[in-house]
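Colleague: Here it is: the structure, laid out below.
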Amino acid sequence: MIAVAAGTNRIDPYLIPALDGVAYGLLVFVAASGLVFCFGVANILNLAHGLLYAIGGYTAAALLDGGWASLALALAVGVLAAAAAGVLLAGLLTPVATGNHLSQALLTFGVALAGGSLLVAGFGPDDPQVQVPAALEGSVLVAGHRYAAYRLVFIGVAAVLAAALYLVVRRTRAGMLVRAAVDDPEMVACLGVSPARIRAGVLAAAGALAGAAGVLGAPILGPGTDTADTVLLLSLVVVVLGGLGSMAGTLLAALAIGEIQTLGVALLPSAAPFLLFAAMAAVLAVRARGLAGRWRTA
Amino acid sequence: MTGLLEAQDVRVRYGSLAALDGVDLCIHDGQRHALIGPNGAGKTTLLNVLGGSTKPQRGTVRFDGRDVGRLGPAARARRGINRIHQRPAVFPTLTATENVVVAALPRVISRRGWWPGGRRRAAQHQAGPLLDQMGLTAVAAEPAGHLAHGQRRQLEIAMALAGRPRLLLLDEPAAGLSAIEVGRLVELLQALPRAVAVLLVEHRLDLVYALSDTVTVLRDGRTLAAGTPDEIRTSPLVRQAYAEGVA
Amino acid sequence: MRDEVIRRARGGVAALVLVGLVVAPWVVDEYTTAILARTLALALVGVSVALLTGVAGMPTLGQTAPYAAGAYACAVVGSRISDVGVVQLVVAAGAGALLAALTVPLVVHARGVIVLMITLAIGELVVIILGRWRSVTGGTDGLAGIPAVRPFWGLPPLASDQARYLYALVVVATLVGAVLVLLRTRAGLVLRAGRDDEARLRASGHRVALHLTGAHIAAGAIAGAAGSLLVVAQQYISPADFGFDTSALLLLGVVIGGTASVGGALVGAALVIAVRDWLFGVLPGHAPLVLGALFVATVYLLPTGVNRARGRLRPPSAPAHQPDPPVAQDQATVAELHR
């Protein structure tokens, strides 16, 4: 399901998986930060988050033709389409009472199911091929290993994207509002902005992030029938591992998941299926202890 | 001296504000003790510390000779410290009887406890007389959420008694009650089993004089005075504190 | 008086449904009988979901995890060790309970939407493990050729779909009866009280975490037993039986059934699963689309879902200043994740 091919046959087998892990982790970070927004600001468990990523992925598969222009076009279309889907989702959620998480989760799941079916109807049941820009098609030498040029560039682009995200959240007014909302969910209600508009904005932003991740990440975690589920699961694990408090936590969790999925598989192939589970269990067990104390005093 | 409950040098700070700044308190078996003082004196904080819902930064709390400082509210309740909240805390979807049964369960003893429903039935036997004592028999089958405020207060007292307390912490039990209900409450509290010690936090001095045999006055997180109700009533220090704090 | 009428009516409907279930295999064809047996297994998982979501107040999207553990344990035992139904049931329930016990530290301190998230992740991770642990689970191909079960030592193997269906029915009825009895003891009462107001329960001296742990493990055992019934019904299992969509369908069914009602969960889950199976039969290409639309429509038809179920129990005269425990807890748990 999560196939990150480590394309090397050299003696040192771990450098390439480690690099792949960074690429994968940054991809998951961009996708998961959308879910973190949704959950932290609007307090919605958005089970259609993977669908938003898949929209970006299918857009990339349909539009990319090997040129730079097509990449720019795909990025613009993918981001817009996924953001629009986010707004649509917010519209569907409007009649559901805020705070009713069960209904919200079920509704977003329905949208994910229907949307996934529409994507398959539109683009066919087979996983489509994604063409990277011709200039990045080859491989480059990294410390004596051949490494896919696109992945290397992706690492750079995703790092820039992560840094930009950090600056937006840290430095801008909108970012400050977001942080305030995450710290104190009730504060949003006191701002005088209608919750429906906040929700639409948050879901649009989440869609844009997931869409961008979907387009840029299509050559790494490509569009397919399982993509939405995979991205949703990885994003959920990132939220559980990293919490909502800091972007650094989210980034660290995403990178850890990337390394587990690549380096972990290379190092411990037999234990690989259990590694994600074990990581989640370990982090939650540690947190639960602190949490238990807080609960008792609450 | 050894009391049922001994708190020593309790300090709680919220940031730079000292809610409790080195308070000592000793309550003996069956003693009726009142805690008074102006708003913000630290009365409720002290109750929280004794009940286990707030951990003090410093100080010890001993109950029945043992250190209970590390225990949470549940463990203290099982040892016999029960609490009545400022706002009556009952289970709204459970009937009045079920509320008392739930409260009785942790301390209920039953020879048929191994049989499904055995302990529940034993607890049920305790619930009836308690509800009767509180005058709630007529509404025993009603969900607690249906009850009036005063009835919920009485239900909460029944729940506290069902836990077989040795010390009852009462946080402004008369808050929100009508004059008639307050009169009924005073009767109920005066009729509590003599073995149960009571720590009462109350604004209304008439209730304090009616219900307690010793009084501690808190102000700004410190003990200002302690003594019998008569001593406190005539203390100029206390009069002055109240004139500043309450008015 | 009205309550009495409703209770009688409910009892009558339940009796009718039971009679219908018993005679069903002689009315419908073999294929439908097999499908019905599988639906029974899933409805039993639905009961475990209701136990956690409605009774204990821990909404879950991960009961497919113990369900899968039970099914695979039963399949392995069935093909290698014993074809006796009772043994398989006990092993499957044990496996489900064990998995639930292992995941207790992950869920027992979380509340509300956080539990949904964590349980969903657990369920999905279990599916991934099932797909990759080929030596035991057969990978994505699953396990096939599991011999027919014999209910008890000395009895003949269940060769027909009717017999297997009736076996599943007996097991489901027994387990549901046990759950109903259990809910009438102090366990059910304390769980309901905890859903009302957890802090109050603690103030009365109850070990809340212990109660929730017990409920979680019991629900895991029930789901595990249901997994064994799935093996009996299908004689084949694969990770696809335990996907995230199954969890969501069951949760929807439980919400339709009223979240806290065991009977409602049985009917709701069976209904939702039946609709899914029917849709995939008549609209092979577009079933997910229609099913997704049905999800959205159902949520609209139950405008406040769980909250309405609570509201019905809570009188309108209840004062507004009463804190709403579930919401307050959700916020507390969201705050927990901020660290």
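Just so we're on the same page: first chain in the structure tokens is A, next is B, and so on; residues restart at 1 for each chain, and ligands are numbered from 1 in the order they show up.
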Can you check which residues of chain B have any atom within 8 Å of chain C? Use only C-alpha atoms and format it as a short mmCIF file (atom, residue, chain, number, x, y, z; two decimals) with N, CA, C and O atoms, in the first residue's frame.
Modeller:
```cif
data_model
loop_
_atom_site.label_atom_id
_atom_site.label_comp_id
_atom_site.auth_asym_id
_atom_site.auth_seq_id
_atom_site.Cartn_x
_atom_site.Cartn_y
_atom_site.Cartn_z
N PRO B 73 -9.47 12.37 44.09
CA PRO B 73 -10.79 12.44 44.75
C PRO B 73 -11.42 11.06 44.94
O PRO B 73 -12.05 10.81 45.98
N ALA B 74 -11.25 10.17 43.96
CA ALA B 74 -11.90 8.86 44.07
C ALA B 74 -11.34 8.07 45.25
O ALA B 74 -12.08 7.52 46.05
N ALA B 75 -10.02 8.05 45.35
CA ALA B 75 -9.40 7.28 46.43
C ALA B 75 -9.76 7.88 47.79
O ALA B 75 -9.98 7.17 48.76
N ARG B 76 -9.83 9.20 47.87
CA ARG B 76 -10.20 9.82 49.16
C ARG B 76 -11.64 9.52 49.50
O ARG B 76 -11.98 9.32 50.67
N ALA B 77 -12.50 9.50 48.47
CA ALA B 77 -13.90 9.18 48.73
C ALA B 77 -14.01 7.78 49.30
O ALA B 77 -14.79 7.52 50.21
N ARG B 78 -13.21 6.85 48.77
CA ARG B 78 -13.27 5.48 49.29
C ARG B 78 -12.77 5.40 50.72
O ARG B 78 -13.13 4.51 51.46
N ASN B 82 -16.16 12.69 51.66
CA ASN B 82 -17.14 12.94 50.60
C ASN B 82 -17.45 14.42 50.52
O ASN B 82 -17.29 15.15 51.49
N ARG B 83 -17.95 14.82 49.38
CA ARG B 83 -18.05 16.24 49.12
C ARG B 83 -19.40 16.60 48.52
O ARG B 83 -19.93 15.86 47.71
N ALA B 89 -24.15 18.36 42.06
CA ALA B 89 -23.66 17.49 41.00
C ALA B 89 -24.36 16.14 41.14
O ALA B 89 -24.09 15.39 42.06
N VAL B 90 -25.29 15.88 40.22
CA VAL B 90 -25.98 14.59 40.19
C VAL B 90 -25.90 14.06 38.76
O VAL B 90 -25.50 14.78 37.85
N PHE B 91 -26.26 12.79 38.57
CA PHE B 91 -26.26 12.22 37.22
C PHE B 91 -27.65 12.45 36.62
O PHE B 91 -28.62 11.81 37.01
N PRO B 92 -27.76 13.37 35.65
CA PRO B 92 -29.09 13.82 35.23
C PRO B 92 -29.96 12.74 34.58
O PRO B 92 -31.18 12.77 34.74
N THR B 93 -29.37 11.79 33.87
CA THR B 93 -30.23 10.81 33.19
C THR B 93 -30.56 9.62 34.07
O THR B 93 -31.39 8.79 33.70
N LEU B 94 -29.91 9.51 35.22
CA LEU B 94 -30.22 8.41 36.13
C LEU B 94 -31.34 8.83 37.08
O LEU B 94 -31.46 10.02 37.41
N GLU B 98 -31.18 5.52 41.40
CA GLU B 98 -29.94 5.06 40.76
C GLU B 98 -28.77 5.95 41.15
O GLU B 98 -27.64 5.47 41.33
N ASN B 99 -29.02 7.25 41.28
CA ASN B 99 -27.96 8.16 41.72
C ASN B 99 -27.39 7.70 43.06
O ASN B 99 -26.17 7.64 43.23
N VAL B 102 -25.43 4.41 42.73
CA VAL B 102 -24.08 4.60 42.18
C VAL B 102 -23.15 5.12 43.26
O VAL B 102 -22.01 4.67 43.39
N ALA B 103 -23.65 6.06 44.05
CA ALA B 103 -22.79 6.63 45.09
C ALA B 103 -22.48 5.61 46.18
O ALA B 103 -21.42 5.65 46.79
N ALA B 104 -23.41 4.68 46.41
CA ALA B 104 -23.21 3.71 47.49
C ALA B 104 -22.28 2.58 47.06
O ALA B 104 -21.63 1.95 47.90
N LEU B 105 -22.20 2.30 45.76
CA LEU B 105 -21.50 1.10 45.29
C LEU B 105 -20.06 0.94 45.75
O LEU B 105 -19.66 -0.16 46.15
N PRO B 106 -19.23 2.01 45.72
CA PRO B 106 -17.83 1.76 46.08
C PRO B 106 -17.65 1.24 47.49
O PRO B 106 -16.66 0.58 47.77
N PRO B 116 -24.48 -11.78 39.62
CA PRO B 116 -24.80 -10.59 38.83
C PRO B 116 -25.91 -9.78 39.49
O PRO B 116 -26.97 -10.30 39.79
N GLY B 117 -25.65 -8.52 39.71
CA GLY B 117 -26.67 -7.66 40.30
C GLY B 117 -26.71 -7.72 41.82
O GLY B 117 -27.48 -7.00 42.45
N GLY B 118 -25.88 -8.56 42.43
CA GLY B 118 -25.93 -8.73 43.88
C GLY B 118 -25.55 -7.46 44.62
O GLY B 118 -26.27 -7.02 45.51
N ARG B 119 -24.44 -6.88 44.23
CA ARG B 119 -24.01 -5.67 44.92
C ARG B 119 -24.94 -4.52 44.63
O ARG B 119 -25.18 -3.66 45.47
N ARG B 120 -25.49 -4.53 43.41
CA ARG B 120 -26.42 -3.46 43.08
C ARG B 120 -27.65 -3.54 43.97
O ARG B 120 -28.14 -2.53 44.47
N PRO B 143 -35.91 10.83 36.79
CA PRO B 143 -34.52 11.17 36.46
C PRO B 143 -34.10 12.40 37.25
O PRO B 143 -34.90 13.32 37.43
N GLY B 145 -32.34 14.79 36.52
CA GLY B 145 -32.42 16.03 35.77
C GLY B 145 -33.78 16.70 35.88
O GLY B 145 -33.92 17.89 35.65
N HIS B 146 -34.81 15.93 36.22
CA HIS B 146 -36.16 16.47 36.36
C HIS B 146 -36.35 17.22 37.67
O HIS B 146 -37.32 17.95 37.83
N MET B 159 -26.54 11.13 48.37
CA MET B 159 -25.43 10.43 47.70
C MET B 159 -24.18 10.46 48.55
O MET B 159 -23.45 9.46 48.65
N ALA B 160 -23.90 11.61 49.14
CA ALA B 160 -22.70 11.72 49.97
C ALA B 160 -22.81 10.76 51.15
O ALA B 160 -21.85 10.08 51.49
N GLY B 163 -22.10 7.10 50.57
CA GLY B 163 -20.69 6.71 50.52
C GLY B 163 -20.11 6.47 51.90
O GLY B 163 -18.91 6.31 52.02
#
```
Colleague: Report the closest atom pair, with its distance in Å rounded to one decimal, for each residue of chain B that has an atom no farther than 12 Å from chain A; count only C-alpha atoms, sort by chain and then rising residue number, and write it as CSV.
Modeller:
```
residue,atom,partner,partner_atom,distance
B:Asn48,CA,A:Thr297,CA,9.4
B:Val49,CA,A:Thr297,CA,10.0
B:Gly51,CA,A:Thr297,CA,10.3
B:Gly52,CA,A:Thr297,CA,7.5
B:Ser53,CA,A:Thr297,CA,4.6
B:Thr54,CA,A:Thr297,CA,5.8
B:Lys55,CA,A:Thr297,CA,7.5
B:Pro56,CA,A:Thr297,CA,11.1
B:Arg70,CA,A:Gly293,CA,10.6
B:Leu71,CA,A:Arg296,CA,9.4
B:Gly72,CA,A:Arg296,CA,6.2
B:Pro73,CA,A:Arg296,CA,7.4
B:Ala74,CA,A:Arg296,CA,8.7
B:Ala75,CA,A:Arg296,CA,10.5
B:Arg76,CA,A:Arg296,CA,11.9
```
Colleague: So that I can check the surroundings of segment 220-230 of chain A, please list as a PyMOL selection string every protein, DNA and RNA residue that reaches within 6 Å of it, counting only C-alpha atoms and ignoring chain neighbours fewer than 6 positions away.
Modeller: chain A and resi 50-51+54+57-58+127
Colleague: Could you please take those selected residues and save N, CA and C atoms as a short mmCIF file (atom, residue, chain, number, x, y, z; two decimals), in the first residue's frame?
Modeller:
```
data_model
loop_
_atom_site.label_atom_id
_atom_site.label_comp_id
_atom_site.auth_asym_id
_atom_site.auth_seq_id
_atom_site.Cartn_x
_atom_site.Cartn_y
_atom_site.Cartn_z
N GLY A 50 -8.30 12.71 3.22
CA GLY A 50 -7.56 11.95 2.21
C GLY A 50 -8.11 12.21 0.80
N LEU A 51 -9.41 12.41 0.72
CA LEU A 51 -10.03 12.70 -0.58
C LEU A 51 -9.45 13.99 -1.16
N ALA A 54 -6.29 13.23 -2.67
CA ALA A 54 -6.46 12.45 -3.90
C ALA A 54 -6.88 13.36 -5.06
N GLY A 57 -3.82 14.70 -6.39
CA GLY A 57 -3.06 13.66 -7.09
C GLY A 57 -3.62 13.37 -8.47
N TYR A 58 -4.94 13.23 -8.57
CA TYR A 58 -5.55 12.94 -9.87
C TYR A 58 -5.38 14.12 -10.82
N ASP A 127 -4.65 2.76 -11.25
CA ASP A 127 -3.83 3.85 -10.74
C ASP A 127 -3.14 4.54 -11.92
#
```
Colleague: Taking only C-alpha atoms into account, produce a table as JSON lines in which each residue of chain A with an atom at most 6 Å from an atom of chain C appears once, together with its shortest atom pair and the distance in Å to one decimal, ordered by chain and rising number.
Modeller:
```
{"residue": "A:Ser103", "atom": "CA", "partner": "C:Val299", "partner_atom": "CA", "distance": 5.9}
{"residue": "A:Leu107", "atom": "CA", "partner": "C:Val296", "partner_atom": "CA", "distance": 5.0}
{"residue": "A:Gly110", "atom": "CA", "partner": "C:Gly292", "partner_atom": "CA", "distance": 3.8}
{"residue": "A:Val111", "atom": "CA", "partner": "C:Gly292", "partner_atom": "CA", "distance": 5.8}
{"residue": "A:Leu113", "atom": "CA", "partner": "C:Gly292", "partner_atom": "CA", "distance": 5.0}
{"residue": "A:Ala114", "atom": "CA", "partner": "C:Leu289", "partner_atom": "CA", "distance": 3.9}
{"residue": "A:Ser117", "atom": "CA", "partner": "C:Leu289", "partner_atom": "CA", "distance": 5.4}
{"residue": "A:Gly243", "atom": "CA", "partner": "C:Leu337", "partner_atom": "CA", "distance": 4.5}
{"residue": "A:Leu244", "atom": "CA", "partner": "C:His338", "partner_atom": "CA", "distance": 4.5}
{"residue": "A:Gly245", "atom": "CA", "partner": "C:His338", "partner_atom": "CA", "distance": 3.7}
{"residue": "A:Pro273", "atom": "CA", "partner": "C:Ile129", "partner_atom": "CA", "distance": 5.0}
{"residue": "A:Leu284", "atom": "CA", "partner": "C:Leu106", "partner_atom": "CA", "distance": 5.7}
{"residue": "A:Ala285", "atom": "CA", "partner": "C:Pro105", "partner_atom": "CA", "distance": 5.9}
```
Colleague: Selected residues, all heavy atoms, written as a PDB file, in the first residue's frame, please.
Modeller:
```
ATOM      1  N   SER A 103     -21.744  12.982  14.248  1.00  0.00           N
ATOM      2  CA  SER A 103     -22.420  13.292  12.995  1.00  0.00           C
ATOM      3  C   SER A 103     -21.443  13.889  11.984  1.00  0.00           C
ATOM      4  O   SER A 103     -21.489  13.571  10.805  1.00  0.00           O
ATOM      5  CB  SER A 103     -23.577  14.261  13.243  1.00  0.00           C
ATOM      6  OG  SER A 103     -24.550  13.647  14.038  1.00  0.00           O
ATOM      7  N   LEU A 107     -20.676  12.299   8.417  1.00  0.00           N
ATOM      8  CA  LEU A 107     -20.945  13.047   7.194  1.00  0.00           C
ATOM      9  C   LEU A 107     -19.683  13.141   6.339  1.00  0.00           C
ATOM     10  O   LEU A 107     -19.712  12.886   5.131  1.00  0.00           O
ATOM     11  CB  LEU A 107     -21.457  14.441   7.541  1.00  0.00           C
ATOM     12  CG  LEU A 107     -21.958  15.250   6.343  1.00  0.00           C
ATOM     13  CD1 LEU A 107     -23.214  16.005   6.709  1.00  0.00           C
ATOM     14  CD2 LEU A 107     -20.923  16.228   5.830  1.00  0.00           C
ATOM     15  N   GLY A 110     -19.099   9.967   4.598  1.00  0.00           N
ATOM     16  CA  GLY A 110     -19.964   9.810   3.433  1.00  0.00           C
ATOM     17  C   GLY A 110     -19.427  10.565   2.234  1.00  0.00           C
ATOM     18  O   GLY A 110     -19.401  10.058   1.104  1.00  0.00           O
ATOM     19  N   VAL A 111     -18.957  11.788   2.489  1.00  0.00           N
ATOM     20  CA  VAL A 111     -18.401  12.592   1.398  1.00  0.00           C
ATOM     21  C   VAL A 111     -17.155  11.907   0.833  1.00  0.00           C
ATOM     22  O   VAL A 111     -16.951  11.856  -0.386  1.00  0.00           O
ATOM     23  CB  VAL A 111     -18.063  14.009   1.902  1.00  0.00           C
ATOM     24  CG1 VAL A 111     -17.291  14.783   0.857  1.00  0.00           C
ATOM     25  CG2 VAL A 111     -19.347  14.746   2.264  1.00  0.00           C
ATOM     26  N   LEU A 113     -16.483   8.743   0.793  1.00  0.00           N
ATOM     27  CA  LEU A 113     -16.909   7.560   0.036  1.00  0.00           C
ATOM     28  C   LEU A 113     -17.427   7.976  -1.348  1.00  0.00           C
ATOM     29  O   LEU A 113     -17.005   7.443  -2.382  1.00  0.00           O
ATOM     30  CB  LEU A 113     -18.013   6.863   0.833  1.00  0.00           C
ATOM     31  CG  LEU A 113     -18.200   5.374   0.671  1.00  0.00           C
ATOM     32  CD1 LEU A 113     -16.912   4.661   0.998  1.00  0.00           C
ATOM     33  CD2 LEU A 113     -19.309   4.904   1.608  1.00  0.00           C
ATOM     34  N   ALA A 114     -18.336   8.959  -1.343  1.00  0.00           N
ATOM     35  CA  ALA A 114     -18.934   9.405  -2.606  1.00  0.00           C
ATOM     36  C   ALA A 114     -17.882  10.057  -3.500  1.00  0.00           C
ATOM     37  O   ALA A 114     -17.808   9.780  -4.702  1.00  0.00           O
ATOM     38  CB  ALA A 114     -20.078  10.376  -2.324  1.00  0.00           C
ATOM     39  N   SER A 117     -15.592   7.580  -5.090  1.00  0.00           N
ATOM     40  CA  SER A 117     -16.279   6.897  -6.179  1.00  0.00           C
ATOM     41  C   SER A 117     -16.325   7.777  -7.430  1.00  0.00           C
ATOM     42  O   SER A 117     -16.124   7.299  -8.552  1.00  0.00           O
ATOM     43  CB  SER A 117     -17.695   6.535  -5.709  1.00  0.00           C
ATOM     44  OG  SER A 117     -18.472   6.117  -6.782  1.00  0.00           O
ATOM     45  N   GLY A 243       0.466  15.909  18.287  1.00  0.00           N
ATOM     46  CA  GLY A 243      -0.396  16.832  19.002  1.00  0.00           C
ATOM     47  C   GLY A 243      -0.752  18.024  18.131  1.00  0.00           C
ATOM     48  O   GLY A 243      -0.427  18.076  16.942  1.00  0.00           O
ATOM     49  N   LEU A 244      -1.444  18.983  18.743  1.00  0.00           N
ATOM     50  CA  LEU A 244      -1.875  20.151  17.985  1.00  0.00           C
ATOM     51  C   LEU A 244      -1.100  21.383  18.380  1.00  0.00           C
ATOM     52  O   LEU A 244      -1.231  22.438  17.777  1.00  0.00           O
ATOM     53  CB  LEU A 244      -3.361  20.409  18.243  1.00  0.00           C
ATOM     54  CG  LEU A 244      -4.317  19.310  17.825  1.00  0.00           C
ATOM     55  CD1 LEU A 244      -5.705  19.609  18.331  1.00  0.00           C
ATOM     56  CD2 LEU A 244      -4.331  19.188  16.324  1.00  0.00           C
ATOM     57  N   GLY A 245      -0.295  21.253  19.419  1.00  0.00           N
ATOM     58  CA  GLY A 245       0.259  22.448  20.032  1.00  0.00           C
ATOM     59  C   GLY A 245       1.270  23.178  19.189  1.00  0.00           C
ATOM     60  O   GLY A 245       1.265  24.394  19.110  1.00  0.00           O
ATOM     61  N   PRO A 273       5.439  -4.098   9.699  1.00  0.00           N
ATOM     62  CA  PRO A 273       4.010  -3.808   9.841  1.00  0.00           C
ATOM     63  C   PRO A 273       3.653  -3.249  11.210  1.00  0.00           C
ATOM     64  O   PRO A 273       2.664  -2.551  11.355  1.00  0.00           O
ATOM     65  CB  PRO A 273       3.342  -5.168   9.626  1.00  0.00           C
ATOM     66  CG  PRO A 273       4.348  -6.014   8.954  1.00  0.00           C
ATOM     67  CD  PRO A 273       5.679  -5.494   9.364  1.00  0.00           C
ATOM     68  N   LEU A 284       1.663   7.581  22.968  1.00  0.00           N
ATOM     69  CA  LEU A 284       0.435   7.786  23.734  1.00  0.00           C
ATOM     70  C   LEU A 284       0.572   7.300  25.164  1.00  0.00           C
ATOM     71  O   LEU A 284       0.023   7.895  26.086  1.00  0.00           O
ATOM     72  CB  LEU A 284      -0.732   7.081  23.059  1.00  0.00           C
ATOM     73  CG  LEU A 284      -1.378   7.906  21.959  1.00  0.00           C
ATOM     74  CD1 LEU A 284      -2.454   7.103  21.274  1.00  0.00           C
ATOM     75  CD2 LEU A 284      -1.960   9.177  22.523  1.00  0.00           C
ATOM     76  N   ALA A 285       1.323   6.222  25.347  1.00  0.00           N
ATOM     77  CA  ALA A 285       1.487   5.700  26.693  1.00  0.00           C
ATOM     78  C   ALA A 285       2.228   6.720  27.555  1.00  0.00           C
ATOM     79  O   ALA A 285       1.873   6.958  28.707  1.00  0.00           O
ATOM     80  CB  ALA A 285       2.239   4.374  26.664  1.00  0.00           C
TER      81      ALA A 285
END
```
Colleague: Which residues are near Ala206 of chain A? Cut-off 9 Å, only C-alpha atoms, ignore same chain within fewer than 2 positions. Put them as a PyMOL selection string.
Modeller: chain A and resi 31-38+49+52+82-83+86+201-204+208-211
Colleague: Please extract the residues of segment 53-194 of chain C with a backbone DSSP assignment of helix (DSSP H, G or I) and present them as a VMD selection string.
Modeller: chain C and resid 53 to 55 64 to 80 85 to 107 113 to 132 134 to 137 139 to 141 161 to 184 186 to 194
Colleague: Which one is closest to Val240 of chain A: A:Ala163, A:Gly91, A:Pro195, A:Phe277? Count only C-alpha atoms.
Modeller: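 Of the candidates, the smallest distance to Val240 of chain A is held by A:Phe277.
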Colleague: Figure out the distance between atom CA of Leu19 of chain A and atom CA of Gly207 of chain A, please, to one decimal in Å.
Modeller: 27.0 Å
Colleague: Please measure the separation of atom CA of Pro25 of chain C and atom CA of Phe280 of chain C, giving the value in Å to one decimal.
Modeller: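 Distance between the two atoms: 21.7 Å.
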Colleague: Find the residues around Gln86 of chain B up to 7 Å (only C-alpha atoms counted), leave out those fewer than 6 positions away in its own chain, and share them as a list of chain:residue names.
Modeller: B:Asp171, B:Glu172, B:Pro173, B:Ala175
Colleague: Give me a file of those residues, with C-alpha atoms, as a tab-separated table (two decimals), in the first residue's frame.
Modeller:
```
chain	number	residue	atom	x	y	z
B	171	ASP	CA	-19.32	23.89	49.77
B	172	GLU	CA	-22.03	26.54	50.33
B	173	PRO	CA	-24.86	24.04	50.49
B	175	ALA	CA	-26.53	28.56	47.63
```
